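**Q** I am sharing structure28.cif, which consists of mmCIF, C-alpha atoms; chains and numbers go by the auth columns:
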data_run
#
loop_
_atom_site.group_PDB
_atom_site.id
_atom_site.type_symbol
_atom_site.label_atom_id
_atom_site.label_comp_id
_atom_site.label_asym_id
_atom_site.label_seq_id
_atom_site.Cartn_x
_atom_site.Cartn_y
_atom_site.Cartn_z
_atom_site.B_iso_or_equiv
_atom_site.auth_seq_id
_atom_site.auth_asym_id
ATOM 1 C CA MET A 1 46.783 155.157 113.478 0.00 1 A
ATOM 2 C CA ASN A 2 50.078 154.036 111.944 0.00 2 A
ATOM 3 C CA ASN A 3 49.523 152.874 108.353 0.00 3 A
ATOM 4 C CA LEU A 4 52.127 150.654 106.769 0.00 4 A
ATOM 5 C CA ASP A 5 53.442 151.696 103.361 0.00 5 A
ATOM 6 C CA LYS A 6 53.667 148.518 101.287 0.00 6 A
ATOM 7 C CA THR A 7 56.096 150.122 98.839 0.00 7 A
ATOM 8 C CA ARG A 8 58.933 150.254 101.367 0.00 8 A
ATOM 9 C CA PRO A 9 60.456 147.739 103.787 0.00 9 A
ATOM 10 C CA LEU A 10 58.919 147.355 107.233 0.00 10 A
ATOM 11 C CA ARG A 11 61.096 149.075 109.839 0.00 11 A
ATOM 12 C CA LEU A 12 61.336 146.746 112.837 0.00 12 A
ATOM 13 C CA GLY A 13 62.679 147.016 116.374 0.00 13 A
ATOM 14 C CA ILE A 14 63.394 143.977 118.514 0.00 14 A
ATOM 15 C CA ILE A 15 62.853 143.979 122.270 0.00 15 A
ATOM 16 C CA GLY A 16 64.426 140.935 123.862 0.00 16 A
ATOM 17 C CA CYS A 17 67.426 139.246 122.255 0.00 17 A
ATOM 18 C CA GLY A 18 67.621 135.973 124.108 0.00 18 A
ATOM 19 C CA ASP A 19 67.566 132.368 123.037 0.00 19 A
ATOM 20 C CA VAL A 20 64.123 132.480 121.386 0.00 20 A
ATOM 21 C CA VAL A 21 65.125 135.290 119.029 0.00 21 A
ATOM 22 C CA GLN A 22 68.479 133.727 118.285 0.00 22 A
ATOM 23 C CA ARG A 23 67.140 130.208 117.711 0.00 23 A
ATOM 24 C CA PHE A 24 63.721 130.796 116.176 0.00 24 A
ATOM 25 C CA HIS A 25 63.097 134.333 114.939 0.00 25 A
ATOM 26 C CA TYR A 26 66.565 134.848 113.485 0.00 26 A
ATOM 27 C CA GLN A 27 66.018 132.722 110.366 0.00 27 A
ATOM 28 C CA ALA A 28 62.774 134.431 109.372 0.00 28 A
ATOM 29 C CA LEU A 29 64.149 137.895 110.125 0.00 29 A
ATOM 30 C CA SER A 30 67.290 137.172 108.090 0.00 30 A
ATOM 31 C CA PHE A 31 65.253 135.822 105.179 0.00 31 A
ATOM 32 C CA PHE A 32 63.102 138.938 104.903 0.00 32 A
ATOM 33 C CA ARG A 33 65.988 141.334 105.616 0.00 33 A
ATOM 34 C CA LYS A 34 68.091 139.851 102.798 0.00 34 A
ATOM 35 C CA ARG A 35 65.162 140.259 100.403 0.00 35 A
ATOM 36 C CA GLY A 36 64.650 143.901 101.316 0.00 36 A
ATOM 37 C CA ARG A 37 61.271 143.339 102.977 0.00 37 A
ATOM 38 C CA ILE A 38 62.326 144.509 106.452 0.00 38 A
ATOM 39 C CA ILE A 39 64.962 146.734 107.967 0.00 39 A
ATOM 40 C CA ILE A 40 65.841 145.961 111.548 0.00 40 A
ATOM 41 C CA LYS A 41 66.498 149.414 112.958 0.00 41 A
ATOM 42 C CA TRP A 42 67.500 148.481 116.496 0.00 42 A
ATOM 43 C CA THR A 43 67.694 145.717 119.062 0.00 43 A
ATOM 44 C CA PHE A 44 67.150 146.132 122.800 0.00 44 A
ATOM 45 C CA ASP A 45 67.794 143.808 125.696 0.00 45 A
ATOM 46 C CA ARG A 46 68.542 144.455 129.355 0.00 46 A
ATOM 47 C CA ASP A 47 71.714 142.468 128.607 0.00 47 A
ATOM 48 C CA TYR A 48 73.449 144.826 126.192 0.00 48 A
ATOM 49 C CA CYS A 49 75.811 142.053 125.045 0.00 49 A
ATOM 50 C CA ALA A 50 72.815 140.030 123.834 0.00 50 A
ATOM 51 C CA ALA A 51 71.390 143.076 122.020 0.00 51 A
ATOM 52 C CA SER A 52 74.791 143.668 120.411 0.00 52 A
ATOM 53 C CA ALA A 53 75.156 140.057 119.265 0.00 53 A
ATOM 54 C CA VAL A 54 71.729 139.998 117.616 0.00 54 A
ATOM 55 C CA ALA A 55 72.276 143.460 116.139 0.00 55 A
ATOM 56 C CA LYS A 56 75.563 142.388 114.593 0.00 56 A
ATOM 57 C CA SER A 57 74.067 139.305 112.974 0.00 57 A
ATOM 58 C CA LEU A 58 70.989 141.163 111.696 0.00 58 A
ATOM 59 C CA VAL A 59 72.813 144.350 110.633 0.00 59 A
ATOM 60 C CA SER A 60 71.110 146.718 113.040 0.00 60 A
ATOM 61 C CA THR A 61 71.972 149.011 115.933 0.00 61 A
ATOM 62 C CA PRO A 62 71.942 147.831 119.553 0.00 62 A
ATOM 63 C CA ILE A 63 70.447 150.274 122.034 0.00 63 A
ATOM 64 C CA ASN A 64 70.507 150.271 125.817 0.00 64 A
ATOM 65 C CA ASP A 65 67.905 153.002 126.347 0.00 65 A
ATOM 66 C CA LEU A 66 64.347 152.745 125.067 0.00 66 A
ATOM 67 C CA ASN A 67 64.258 156.531 124.660 0.00 67 A
ATOM 68 C CA ALA A 68 66.468 155.861 121.620 0.00 68 A
ATOM 69 C CA ALA A 69 63.924 153.376 120.264 0.00 69 A
ATOM 70 C CA LEU A 70 62.798 155.424 117.288 0.00 70 A
ATOM 71 C CA GLY A 71 62.091 155.109 113.596 0.00 71 A
ATOM 72 C CA VAL A 72 60.141 151.847 113.464 0.00 72 A
ATOM 73 C CA ASP A 73 56.743 150.751 112.208 0.00 73 A
ATOM 74 C CA ALA A 74 56.539 147.648 114.392 0.00 74 A
ATOM 75 C CA ILE A 75 58.312 145.813 117.173 0.00 75 A
ATOM 76 C CA LEU A 76 58.906 142.206 118.099 0.00 76 A
ATOM 77 C CA ILE A 77 58.439 141.734 121.846 0.00 77 A
ATOM 78 C CA ALA A 78 60.393 138.622 122.791 0.00 78 A
ATOM 79 C CA VAL A 79 60.624 138.801 126.569 0.00 79 A
ATOM 80 C CA PRO A 80 59.018 136.548 129.188 0.00 80 A
ATOM 81 C CA VAL A 81 55.255 136.870 129.577 0.00 81 A
ATOM 82 C CA GLY A 82 55.338 138.526 133.001 0.00 82 A
ATOM 83 C CA CYS A 83 57.798 141.223 131.863 0.00 83 A
ATOM 84 C CA ARG A 84 56.007 142.768 128.883 0.00 84 A
ATOM 85 C CA LYS A 85 53.791 145.477 130.339 0.00 85 A
ATOM 86 C CA GLU A 86 56.244 148.373 129.899 0.00 86 A
ATOM 87 C CA PHE A 87 56.967 147.339 126.310 0.00 87 A
ATOM 88 C CA TRP A 88 53.281 147.083 125.418 0.00 88 A
ATOM 89 C CA GLN A 89 52.765 150.531 126.932 0.00 89 A
ATOM 90 C CA LEU A 90 55.664 151.915 124.885 0.00 90 A
ATOM 91 C CA ALA A 91 54.197 150.427 121.707 0.00 91 A
ATOM 92 C CA PHE A 92 50.783 151.851 122.514 0.00 92 A
ATOM 93 C CA ASP A 93 52.209 155.296 123.261 0.00 93 A
ATOM 94 C CA ARG A 94 54.226 155.343 120.031 0.00 94 A
ATOM 95 C CA ASP A 95 51.516 153.800 117.831 0.00 95 A
ATOM 96 C CA TRP A 96 53.633 150.810 116.817 0.00 96 A
ATOM 97 C CA HIS A 97 52.370 147.503 115.485 0.00 97 A
ATOM 98 C CA VAL A 98 53.419 144.598 117.707 0.00 98 A
ATOM 99 C CA PHE A 99 54.287 140.954 117.246 0.00 99 A
ATOM 100 C CA SER A 100 54.422 139.199 120.586 0.00 100 A
ATOM 101 C CA GLU A 101 54.678 135.489 120.977 0.00 101 A
ATOM 102 C CA LYS A 102 52.371 133.488 123.263 0.00 102 A
#
How would this structure read if it were set down as structure tokens?

**A**
Amino acid sequence: MNNLDKTRPLRLGIIGCGDVVQRFHYQALSFFRKRGRIIIKWTFDRDYCAASAVAKSLVSTPINDLNAALGVDAILIAVPVGCRKEFWQLAFDRDWHVFSEK
């Protein structure tokens, strides 16, 4: 099982970069990023422009292929409820911690 090292920042990936991330998660993510508590390694969205916009504002790398989704301890899954199965499976396969709303 993936154990988190409390002496270094949490490495986070974001799946889904729509309105909810931009309006609600952004402030908390920015707060902890600026304090060195998290590093946002990558952002992913089926709309690459959305992933790029969130990546730019959170100083991370946008990706358009989940095979490039590497180097994280945890992910934020912020996609609609009926569209999460593949992302949960990816997290399970890669032993990532997950925050998923609702």

**Q** On this file, the PyMOL selection byres ((chain A and resi 74) around 8) gives some set of residues; write that set as an MDAnalysis selection string.

**A** chainID A and resid 10:13 72:73 75:76 96:99

**Q** How far is it from atom CA of Arg46 of chain A to atom CA of Cys17 of chain A, in Å with one decimal?

**A**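 According to the coordinates, atom CA of Arg46 of chain A and atom CA of Cys17 of chain A are separated by 8.9 Å.
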
**Q** List as number ranges by chain the protein and nucleic acid residues near Pro62 of chain A, meaning an atom at most 6 Å away when only C-alpha atoms are counted, but skip any in the same chain fewer than 3 places from it.

**A** A: 42-43, 51-52, 55

**Q** Dump as a list in words all residues having an atom at most 9 Å from (69.5, 136.4, 119.1), computed in the file's coordinates with only C-alpha atoms.

**A**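 Nearby residues: Gly16, Cys17, Gly18, Asp19, Val20, Val21, Gln22, Arg23, Phe24, His25, Tyr26, Ala50, Ala51, Ala53, Val54, Ala55, Ser57 and Leu58 of chain A.
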
**Q** Grab the atom CA of Lys34 of chain A to atom CA of Glu101 of chain A distance for me, in Å with one decimal place.

**A**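 Computing the Euclidean distance for atom CA of Lys34 of chain A and atom CA of Glu101 of chain A yields 23.0 Å.
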
**Q** Name the residues that the PyMOL selection byres ((chain A and resi 39) around 8) pulls out of this structure, and write them as a PyMOL selection string.

**A** chain A and resi 9-12+33+36-38+40-41+60

**Q** Do you have the atom CA of Phe32 of chain A-atom CA of Phe87 of chain A distance handy?

**A**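 Between atom CA of Phe32 of chain A and atom CA of Phe87 of chain A the gap works out to 23.8 Å.
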
**Q** Ranking A:Ile15, A:Val81, A:Cys49, A:Ala28 by minimum distance to Leu66 of chain A and counting only C-alpha atoms, which one comes first?

**A**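 Ranked by minimum distance to Leu66 of chain A, first place goes to A:Ile15.
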